[in-house]
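Asker: Hey, dropping coords-v2.txt in here, compact mmCIF, N, CA and C atoms and all ligand atoms:
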# COMPACT_ATOMS: atom_id res chain seq x y z
N MET A 1 4.77 9.11 38.92
CA MET A 1 4.82 9.09 37.45
C MET A 1 6.17 9.61 36.97
N ALA A 2 6.74 8.91 36.03
CA ALA A 2 8.06 9.28 35.54
C ALA A 2 7.99 10.50 34.62
N GLU A 3 9.14 11.10 34.44
CA GLU A 3 9.22 12.27 33.57
C GLU A 3 8.89 11.90 32.13
N LEU A 4 8.28 12.84 31.43
CA LEU A 4 7.91 12.62 30.04
C LEU A 4 8.51 13.76 29.21
N ARG A 5 9.13 13.41 28.11
CA ARG A 5 9.71 14.44 27.25
C ARG A 5 9.19 14.27 25.83
N GLU A 6 8.91 15.40 25.18
CA GLU A 6 8.48 15.36 23.78
C GLU A 6 9.53 16.02 22.90
N PHE A 7 9.81 15.40 21.78
CA PHE A 7 10.78 15.95 20.82
C PHE A 7 10.11 15.99 19.45
N TYR A 8 10.07 17.17 18.88
CA TYR A 8 9.35 17.32 17.61
C TYR A 8 9.93 18.52 16.85
N ASP A 9 10.27 18.28 15.59
CA ASP A 9 10.87 19.33 14.77
C ASP A 9 9.98 20.57 14.68
N GLY A 10 8.67 20.33 14.71
CA GLY A 10 7.73 21.44 14.61
C GLY A 10 7.79 22.37 15.81
N ASP A 11 8.32 21.86 16.93
CA ASP A 11 8.41 22.67 18.15
C ASP A 11 9.80 23.22 18.38
N ASP A 12 10.82 22.51 17.85
CA ASP A 12 12.19 22.82 18.24
C ASP A 12 13.16 22.38 17.13
N ASP A 13 13.95 23.33 16.63
CA ASP A 13 14.91 23.02 15.58
C ASP A 13 15.96 22.01 16.03
N ASN A 14 16.21 21.95 17.34
CA ASN A 14 17.23 21.05 17.86
C ASN A 14 16.65 19.72 18.34
N ALA A 15 15.41 19.46 17.97
CA ALA A 15 14.71 18.28 18.52
C ALA A 15 15.47 16.98 18.24
N HIS A 16 16.00 16.84 17.04
CA HIS A 16 16.70 15.60 16.69
C HIS A 16 17.89 15.34 17.63
N ILE A 17 18.71 16.36 17.80
CA ILE A 17 19.89 16.24 18.67
C ILE A 17 19.47 15.99 20.11
N GLU A 18 18.46 16.71 20.56
CA GLU A 18 18.01 16.55 21.94
C GLU A 18 17.44 15.14 22.17
N PHE A 19 16.74 14.64 21.16
CA PHE A 19 16.20 13.28 21.25
C PHE A 19 17.34 12.25 21.34
N GLN A 20 18.35 12.42 20.49
CA GLN A 20 19.50 11.51 20.52
C GLN A 20 20.22 11.56 21.87
N LYS A 21 20.35 12.77 22.42
CA LYS A 21 21.01 12.89 23.73
C LYS A 21 20.17 12.20 24.81
N TRP A 22 18.86 12.36 24.71
CA TRP A 22 17.99 11.70 25.71
C TRP A 22 18.16 10.19 25.62
N ARG A 23 18.25 9.66 24.40
CA ARG A 23 18.44 8.21 24.22
C ARG A 23 19.76 7.76 24.85
N GLN A 24 20.80 8.56 24.66
CA GLN A 24 22.09 8.20 25.25
C GLN A 24 22.00 8.13 26.77
N GLN A 25 21.25 9.08 27.34
CA GLN A 25 21.20 9.20 28.80
C GLN A 25 20.17 8.26 29.43
N HIS A 26 19.28 7.70 28.62
CA HIS A 26 18.22 6.84 29.16
C HIS A 26 18.13 5.57 28.32
N GLN A 27 19.18 4.75 28.36
CA GLN A 27 19.25 3.61 27.46
C GLN A 27 18.31 2.49 27.86
N ASP A 28 17.67 2.62 29.03
CA ASP A 28 16.66 1.64 29.41
C ASP A 28 15.25 2.22 29.26
N GLY A 29 15.14 3.34 28.53
CA GLY A 29 13.85 4.01 28.38
C GLY A 29 13.06 3.54 27.17
N TYR A 30 11.96 4.24 26.95
CA TYR A 30 11.04 3.91 25.85
C TYR A 30 10.63 5.19 25.16
N PHE A 31 10.18 5.04 23.92
CA PHE A 31 9.62 6.22 23.26
C PHE A 31 8.46 5.82 22.37
N LEU A 32 7.56 6.77 22.17
CA LEU A 32 6.45 6.60 21.24
C LEU A 32 6.79 7.31 19.95
N ASN A 33 6.50 6.65 18.84
CA ASN A 33 6.60 7.29 17.54
C ASN A 33 5.19 7.71 17.15
N TYR A 34 4.96 9.01 17.16
CA TYR A 34 3.60 9.53 17.01
C TYR A 34 3.32 9.93 15.57
N LYS A 35 2.52 9.09 14.88
CA LYS A 35 2.14 9.42 13.50
C LYS A 35 0.74 10.01 13.45
N GLY A 36 0.00 9.85 14.53
CA GLY A 36 -1.38 10.32 14.60
C GLY A 36 -2.09 9.51 15.66
N PRO A 37 -3.28 9.95 16.08
CA PRO A 37 -3.94 9.30 17.22
C PRO A 37 -4.25 7.82 17.01
N SER A 38 -4.27 7.35 15.76
CA SER A 38 -4.57 5.93 15.56
C SER A 38 -3.33 5.18 15.08
N ASN A 39 -2.20 5.82 15.11
CA ASN A 39 -0.99 5.18 14.60
C ASN A 39 0.21 5.54 15.46
N ILE A 40 0.32 4.86 16.59
CA ILE A 40 1.42 5.11 17.51
C ILE A 40 2.09 3.78 17.86
N LEU A 41 3.39 3.78 17.76
CA LEU A 41 4.16 2.58 18.05
C LEU A 41 5.09 2.89 19.22
N ILE A 42 5.11 1.96 20.19
CA ILE A 42 6.04 2.14 21.31
C ILE A 42 7.29 1.29 21.06
N HIS A 43 8.44 1.92 21.26
CA HIS A 43 9.73 1.26 21.03
C HIS A 43 10.59 1.35 22.28
N HIS A 44 11.51 0.42 22.37
CA HIS A 44 12.60 0.56 23.33
C HIS A 44 13.58 1.59 22.77
N VAL A 45 14.23 2.33 23.67
CA VAL A 45 15.13 3.41 23.24
C VAL A 45 16.19 2.95 22.24
N LEU A 46 16.66 1.71 22.40
CA LEU A 46 17.76 1.26 21.55
C LEU A 46 17.29 0.48 20.33
N CYS A 47 16.02 0.62 19.96
CA CYS A 47 15.49 -0.09 18.79
C CYS A 47 16.39 0.14 17.57
N TRP A 48 16.69 -0.94 16.88
CA TRP A 48 17.63 -0.82 15.74
C TRP A 48 16.97 -0.20 14.52
N HIS A 49 15.68 0.09 14.59
CA HIS A 49 15.05 0.82 13.48
C HIS A 49 15.67 2.22 13.34
N LEU A 50 16.14 2.72 14.47
CA LEU A 50 16.70 4.06 14.46
C LEU A 50 18.22 3.98 14.46
N ARG A 51 18.85 5.01 13.93
CA ARG A 51 20.30 5.00 13.95
C ARG A 51 20.81 5.10 15.38
N ASP A 52 22.07 4.75 15.54
CA ASP A 52 22.68 4.68 16.85
C ASP A 52 22.52 6.01 17.61
N PRO A 53 22.17 5.95 18.90
CA PRO A 53 21.96 7.19 19.65
C PRO A 53 23.20 8.05 19.81
N THR A 54 24.38 7.45 19.62
CA THR A 54 25.60 8.26 19.74
C THR A 54 25.88 9.03 18.45
N ASP A 55 25.09 8.75 17.42
CA ASP A 55 25.31 9.40 16.13
C ASP A 55 24.64 10.77 16.11
N LEU A 56 25.40 11.79 16.50
CA LEU A 56 24.86 13.15 16.52
C LEU A 56 25.25 13.93 15.28
N ASP A 57 26.15 13.35 14.49
CA ASP A 57 26.65 14.02 13.30
C ASP A 57 25.67 13.83 12.15
N ARG A 58 25.12 14.91 11.67
CA ARG A 58 24.12 14.79 10.61
C ARG A 58 24.68 15.16 9.24
N SER A 59 26.01 15.24 9.14
CA SER A 59 26.59 15.65 7.86
C SER A 59 26.39 14.59 6.78
N GLU A 60 26.41 13.31 7.18
CA GLU A 60 26.22 12.24 6.19
C GLU A 60 24.76 11.91 5.96
N ASP A 61 24.00 11.95 7.04
CA ASP A 61 22.57 11.65 6.94
C ASP A 61 21.80 12.76 7.65
N PRO A 62 21.38 13.77 6.90
CA PRO A 62 20.75 14.93 7.53
C PRO A 62 19.30 14.70 7.96
N SER A 63 18.76 13.50 7.63
CA SER A 63 17.36 13.28 7.97
C SER A 63 17.16 13.33 9.49
N SER A 64 16.03 13.84 9.89
CA SER A 64 15.75 14.03 11.30
C SER A 64 14.90 12.89 11.84
N LEU A 65 15.23 12.42 13.04
CA LEU A 65 14.44 11.37 13.67
C LEU A 65 13.18 11.94 14.31
N THR A 66 13.11 13.26 14.40
CA THR A 66 11.99 13.88 15.10
C THR A 66 11.08 14.65 14.14
N ARG A 67 11.12 14.27 12.87
CA ARG A 67 10.16 14.80 11.91
C ARG A 67 8.74 14.38 12.36
N LEU A 68 8.66 13.13 12.85
CA LEU A 68 7.46 12.68 13.56
C LEU A 68 7.73 12.84 15.05
N LYS A 69 6.71 13.26 15.77
CA LYS A 69 6.91 13.51 17.19
C LYS A 69 7.32 12.25 17.94
N LYS A 70 8.32 12.39 18.83
CA LYS A 70 8.73 11.32 19.73
C LYS A 70 8.39 11.73 21.15
N VAL A 71 7.76 10.82 21.86
CA VAL A 71 7.43 11.05 23.27
C VAL A 71 8.18 10.02 24.09
N CYS A 72 9.01 10.49 25.01
CA CYS A 72 9.96 9.61 25.70
C CYS A 72 9.71 9.56 27.19
N SER A 73 9.98 8.38 27.75
CA SER A 73 9.95 8.23 29.20
C SER A 73 10.71 6.97 29.58
N THR A 74 11.16 6.92 30.82
CA THR A 74 11.79 5.69 31.30
C THR A 74 10.74 4.69 31.75
N ASP A 75 9.50 5.12 31.78
CA ASP A 75 8.41 4.28 32.31
C ASP A 75 7.33 4.08 31.25
N ARG A 76 7.08 2.81 30.92
CA ARG A 76 6.10 2.51 29.88
C ARG A 76 4.69 2.97 30.25
N ASP A 77 4.35 2.83 31.54
CA ASP A 77 3.00 3.21 31.96
C ASP A 77 2.77 4.71 31.79
N THR A 78 3.83 5.49 32.00
CA THR A 78 3.73 6.93 31.79
C THR A 78 3.39 7.24 30.34
N LEU A 79 3.98 6.49 29.42
CA LEU A 79 3.69 6.69 28.00
C LEU A 79 2.27 6.23 27.66
N ARG A 80 1.86 5.12 28.27
CA ARG A 80 0.49 4.65 28.03
C ARG A 80 -0.52 5.67 28.53
N GLN A 81 -0.22 6.27 29.67
CA GLN A 81 -1.10 7.29 30.24
C GLN A 81 -1.19 8.50 29.30
N TRP A 82 -0.06 8.90 28.77
CA TRP A 82 -0.02 10.02 27.82
C TRP A 82 -0.91 9.69 26.62
N ALA A 83 -0.78 8.47 26.12
CA ALA A 83 -1.55 8.05 24.95
C ALA A 83 -3.05 8.07 25.25
N ARG A 84 -3.41 7.59 26.45
CA ARG A 84 -4.84 7.62 26.83
C ARG A 84 -5.35 9.06 26.86
N GLY A 85 -4.51 9.97 27.37
CA GLY A 85 -4.89 11.38 27.42
C GLY A 85 -5.12 11.97 26.04
N LYS A 86 -4.49 11.38 25.02
CA LYS A 86 -4.66 11.84 23.63
C LYS A 86 -5.72 11.01 22.91
N SER A 87 -6.47 10.22 23.67
CA SER A 87 -7.53 9.36 23.11
C SER A 87 -6.99 8.39 22.07
N VAL A 88 -5.80 7.88 22.31
CA VAL A 88 -5.23 6.89 21.39
C VAL A 88 -5.96 5.57 21.59
N LYS A 89 -6.44 5.01 20.49
CA LYS A 89 -7.24 3.79 20.58
C LYS A 89 -6.36 2.57 20.83
N ASN A 90 -5.46 2.30 19.93
CA ASN A 90 -4.62 1.12 20.16
C ASN A 90 -3.14 1.48 20.04
N LEU A 91 -2.49 1.32 21.17
CA LEU A 91 -1.06 1.60 21.23
C LEU A 91 -0.33 0.31 20.89
N LYS A 92 0.35 0.32 19.74
CA LYS A 92 1.02 -0.90 19.30
C LYS A 92 2.46 -0.94 19.77
N GLN A 93 2.96 -2.13 19.99
CA GLN A 93 4.35 -2.30 20.39
C GLN A 93 5.18 -2.73 19.19
N CYS A 94 6.36 -2.19 19.09
CA CYS A 94 7.27 -2.61 18.03
C CYS A 94 7.59 -4.08 18.20
N GLN A 95 7.45 -4.85 17.14
CA GLN A 95 7.68 -6.30 17.24
C GLN A 95 9.17 -6.63 17.29
N ASP A 96 10.00 -5.68 16.95
CA ASP A 96 11.43 -5.96 16.87
C ASP A 96 12.19 -5.68 18.16
N CYS A 97 11.68 -4.76 18.98
CA CYS A 97 12.45 -4.37 20.16
C CYS A 97 11.70 -4.58 21.46
N MET A 98 10.41 -4.90 21.39
CA MET A 98 9.62 -5.01 22.63
C MET A 98 9.23 -6.47 22.89
ZN ZN A 101 11.33 -0.90 17.82
Have the structure of the file written as C-alpha cells, please.

Answerer:
Amino acid sequence: MAELREFYDGDDDNAHIEFQKWRQQHQDGYFLNYKGPSNILIHHVLCWHLRDPTDLDRSEDPSSLTRLKKVCSTDRDTLRQWARGKSVKNLKQCQDCM
C-alpha cells in the first residue's frame, strides 16, 4: 500500500504549503477533496481546478487549498481504501482530470 498524506488547515497552519510541495514532488499522484463522507471527489494532482503547484506565494491569493481536507497518495487504490475506511458511499471522479 502506498503512502497516504493528509493536509488540512484544521490540523496544521502550514497545510496549504505542504500540500503544494507534495503536489510538486508527486506530479503523477492523486488527491481526494474531502467535503464530507458523502461528498468526496478524486482528482489527479495536476487538476487545473487548483492553482499551479509551484505557486507557493500567497501574497496575491491568500486563500488556502486545504481549507477542505486533502488526502493524497500516488496510488488510487490506497485512496479508495481510505475512503472505504471512512464509510464513504460513492467516491466520485473529477470529470476534468480523470
Ligand atoms: Zn480534477

Asker: If we count only N, CA and C atoms and set the cut-off at 6.5 Å, which residues sit around range 80-91 of chain A, ignoring sequence neighbours fewer than 6 positions away in its own chain? Please answer as a PyMOL selection string.

Answerer: chain A and resi 37-38+40-42

Asker: How would you write, as a ChimeraX atom specification, the set of residues no farther than 6 Å from ligand ZN 101 (chain A) when counting all atoms listed in the file?

Answerer: /A:42-44,47-49,94-98

Asker: Centre and edge lengths of an axis-aligned box around all listed atoms of range 25-37 of chain A, with 8 Å added on each side, are to be given in Å to one decimal, as AutoDock Vina command-line options.

Answerer:
--center_x 8.5 --center_y 6.0 --center_z 21.4 --size_x 41.5 --size_y 24.7 --size_z 32.0

Asker: When distances are computed from only C-alpha atoms, which of A:Ala15, A:Leu56, A:Leu46, A:Leu32 shows the smallest separation from Val71 in chain A?

Answerer: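 The closest residue to Val71 in chain A is A:Leu32.
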
Asker: Give me the residues within 8 Å of His26 in chain A as a PyMOL selection string, counting all atoms listed in the file and dropping any in the same chain fewer than 3 places off.

Answerer: chain A and resi 20-23+29-30+45-46+73-74

Asker: Would you mind exporting N, CA and C atoms of the selected residues as a PDB file, in the coordinates of the input?

Answerer:
ATOM      1  N   GLN A  20      18.350  12.420  20.490  1.00  0.00           N
ATOM      2  CA  GLN A  20      19.500  11.510  20.520  1.00  0.00           C
ATOM      3  C   GLN A  20      20.220  11.560  21.870  1.00  0.00           C
ATOM      4  N   LYS A  21      20.350  12.770  22.420  1.00  0.00           N
ATOM      5  CA  LYS A  21      21.010  12.890  23.730  1.00  0.00           C
ATOM      6  C   LYS A  21      20.170  12.200  24.810  1.00  0.00           C
ATOM      7  N   TRP A  22      18.860  12.360  24.710  1.00  0.00           N
ATOM      8  CA  TRP A  22      17.990  11.700  25.710  1.00  0.00           C
ATOM      9  C   TRP A  22      18.160  10.190  25.620  1.00  0.00           C
ATOM     10  N   ARG A  23      18.250   9.660  24.400  1.00  0.00           N
ATOM     11  CA  ARG A  23      18.440   8.210  24.220  1.00  0.00           C
ATOM     12  C   ARG A  23      19.760   7.760  24.850  1.00  0.00           C
ATOM     13  N   GLY A  29      15.140   3.340  28.530  1.00  0.00           N
ATOM     14  CA  GLY A  29      13.850   4.010  28.380  1.00  0.00           C
ATOM     15  C   GLY A  29      13.060   3.540  27.170  1.00  0.00           C
ATOM     16  N   TYR A  30      11.960   4.240  26.950  1.00  0.00           N
ATOM     17  CA  TYR A  30      11.040   3.910  25.850  1.00  0.00           C
ATOM     18  C   TYR A  30      10.630   5.190  25.160  1.00  0.00           C
ATOM     19  N   VAL A  45      14.230   2.330  23.670  1.00  0.00           N
ATOM     20  CA  VAL A  45      15.130   3.410  23.240  1.00  0.00           C
ATOM     21  C   VAL A  45      16.190   2.950  22.240  1.00  0.00           C
ATOM     22  N   LEU A  46      16.660   1.710  22.400  1.00  0.00           N
ATOM     23  CA  LEU A  46      17.760   1.260  21.550  1.00  0.00           C
ATOM     24  C   LEU A  46      17.290   0.480  20.330  1.00  0.00           C
ATOM     25  N   SER A  73       9.980   8.380  27.750  1.00  0.00           N
ATOM     26  CA  SER A  73       9.950   8.230  29.200  1.00  0.00           C
ATOM     27  C   SER A  73      10.710   6.970  29.580  1.00  0.00           C
ATOM     28  N   THR A  74      11.160   6.920  30.820  1.00  0.00           N
ATOM     29  CA  THR A  74      11.790   5.690  31.300  1.00  0.00           C
ATOM     30  C   THR A  74      10.740   4.690  31.750  1.00  0.00           C
TER      31      THR A  74
END

Asker: When you draw a straight line from CA of Ile17 in chain A to CA of Asn33 in chain A, how long is it in Å?

Answerer: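 Atom-to-atom, CA of Ile17 in chain A and CA of Asn33 in chain A are spaced 16.1 Å apart.
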
Asker: Which polymer residues, whether protein, DNA or RNA, lie within 6.5 Å of the coordinate (5.2, 13.3, 16.5) when you count all atoms listed in the file? List them as a ChimeraX atom specification, using the chain letters and numbers from the file.

Answerer: /A:7-8,33-35,66-71

Asker: Just list the residues in range 15-97 of chain A DSSP gives helix (DSSP H, G or I) on the backbone, as a ChimeraX atom specification.

Answerer: /A:15-25,76-85

Asker: So which bits of range 5-67 of chain A end up strand (DSSP E or B) when you DSSP the backbone, as a VMD selection string?

Answerer: chain A and resid 5 to 7 30 to 36 39 to 44

Asker: Please compute the CA of Thr54 in chain A-CA of Thr78 in chain A distance, one decimal, in Å.

Answerer: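 Value for the CA of Thr54 in chain A-CA of Thr78 in chain A distance: 25.0 Å.
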
Asker: Go ahead and compute the interatomic distance for atom C of Ser59 in chain A and atom C of Asp13 in chain A, in Å to one decimal.

Answerer: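 Distance between the two atoms: 15.8 Å.
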
Asker: Can you fill out range 54-65 of chain A with all heavy atoms and hand it back as a CSV table (one decimal), in the coordinates of the input?

Answerer:
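Dumped to result-v4.csv:
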chain,number,residue,atom,x,y,z
A,54,THR,N,24.4,7.4,19.6
A,54,THR,CA,25.6,8.3,19.7
A,54,THR,C,25.9,9.0,18.4
A,54,THR,O,26.8,9.8,18.4
A,54,THR,CB,26.8,7.4,20.1
A,54,THR,OG1,27.0,6.4,19.0
A,54,THR,CG2,26.6,6.6,21.4
A,55,ASP,N,25.1,8.8,17.4
A,55,ASP,CA,25.3,9.4,16.1
A,55,ASP,C,24.6,10.8,16.1
A,55,ASP,O,23.5,10.9,15.8
A,55,ASP,CB,24.8,8.5,15.0
A,55,ASP,CG,24.9,9.1,13.6
A,55,ASP,OD1,25.6,10.1,13.5
A,55,ASP,OD2,24.4,8.6,12.7
A,56,LEU,N,25.4,11.8,16.5
A,56,LEU,CA,24.9,13.2,16.5
A,56,LEU,C,25.2,13.9,15.3
A,56,LEU,O,24.8,15.0,15.0
A,56,LEU,CB,25.4,13.9,17.8
A,56,LEU,CG,24.9,13.3,19.1
A,56,LEU,CD1,25.5,14.2,20.2
A,56,LEU,CD2,23.4,13.3,19.3
A,57,ASP,N,26.2,13.4,14.5
A,57,ASP,CA,26.6,14.0,13.3
A,57,ASP,C,25.7,13.8,12.2
A,57,ASP,O,25.4,12.7,11.7
A,57,ASP,CB,28.0,13.4,12.9
A,57,ASP,CG,28.6,14.1,11.7
A,57,ASP,OD1,28.0,15.1,11.3
A,57,ASP,OD2,29.5,13.5,11.1
A,58,ARG,N,25.1,14.9,11.7
A,58,ARG,CA,24.1,14.8,10.6
A,58,ARG,C,24.7,15.2,9.2
A,58,ARG,O,23.9,15.3,8.3
A,58,ARG,CB,22.9,15.7,10.9
A,58,ARG,CG,22.2,15.2,12.2
A,58,ARG,CD,21.1,16.1,12.6
A,58,ARG,NE,20.0,16.1,11.7
A,58,ARG,CZ,19.0,17.0,11.7
A,58,ARG,NH1,18.9,17.9,12.6
A,58,ARG,NH2,18.0,16.9,10.9
A,59,SER,N,26.0,15.2,9.1
A,59,SER,CA,26.6,15.6,7.9
A,59,SER,C,26.4,14.6,6.8
A,59,SER,O,26.2,14.9,5.6
A,59,SER,CB,28.1,16.0,8.0
A,59,SER,OG,28.8,14.9,8.6
A,60,GLU,N,26.4,13.3,7.2
A,60,GLU,CA,26.2,12.2,6.2
A,60,GLU,C,24.8,11.9,6.0
A,60,GLU,O,24.3,11.6,4.9
A,60,GLU,CB,27.0,11.0,6.6
A,60,GLU,CG,28.5,11.0,6.3
A,60,GLU,CD,29.2,9.8,6.7
A,60,GLU,OE1,28.6,8.7,6.6
A,60,GLU,OE2,30.4,9.9,7.0
A,61,ASP,N,24.0,12.0,7.0
A,61,ASP,CA,22.6,11.6,6.9
A,61,ASP,C,21.8,12.8,7.6
A,61,ASP,O,21.6,12.7,8.9
A,61,ASP,CB,22.2,10.3,7.6
A,61,ASP,CG,20.8,10.0,7.5
A,61,ASP,OD1,20.0,10.8,6.9
A,61,ASP,OD2,20.4,8.9,8.0
A,62,PRO,N,21.4,13.8,6.9
A,62,PRO,CA,20.8,14.9,7.5
A,62,PRO,C,19.3,14.7,8.0
A,62,PRO,O,18.7,15.6,8.6
A,62,PRO,CB,20.8,16.0,6.4
A,62,PRO,CG,20.8,15.2,5.2
A,62,PRO,CD,21.5,13.9,5.5
A,63,SER,N,18.8,13.5,7.6
A,63,SER,CA,17.4,13.3,8.0
A,63,SER,C,17.2,13.3,9.5
A,63,SER,O,18.0,12.9,10.2
A,63,SER,CB,16.9,11.9,7.4
A,63,SER,OG,17.6,10.9,8.1
A,64,SER,N,16.0,13.8,9.9
A,64,SER,CA,15.8,14.0,11.3
A,64,SER,C,14.9,12.9,11.8
A,64,SER,O,14.0,12.4,11.2
A,64,SER,CB,15.0,15.4,11.5
A,64,SER,OG,14.5,15.4,12.8
A,65,LEU,N,15.2,12.4,13.0
A,65,LEU,CA,14.4,11.4,13.7
A,65,LEU,C,13.2,11.9,14.3
A,65,LEU,O,12.3,11.2,14.7
A,65,LEU,CB,15.3,10.7,14.8
A,65,LEU,CG,16.4,9.8,14.3
A,65,LEU,CD1,17.2,9.3,15.5
A,65,LEU,CD2,15.9,8.6,13.5
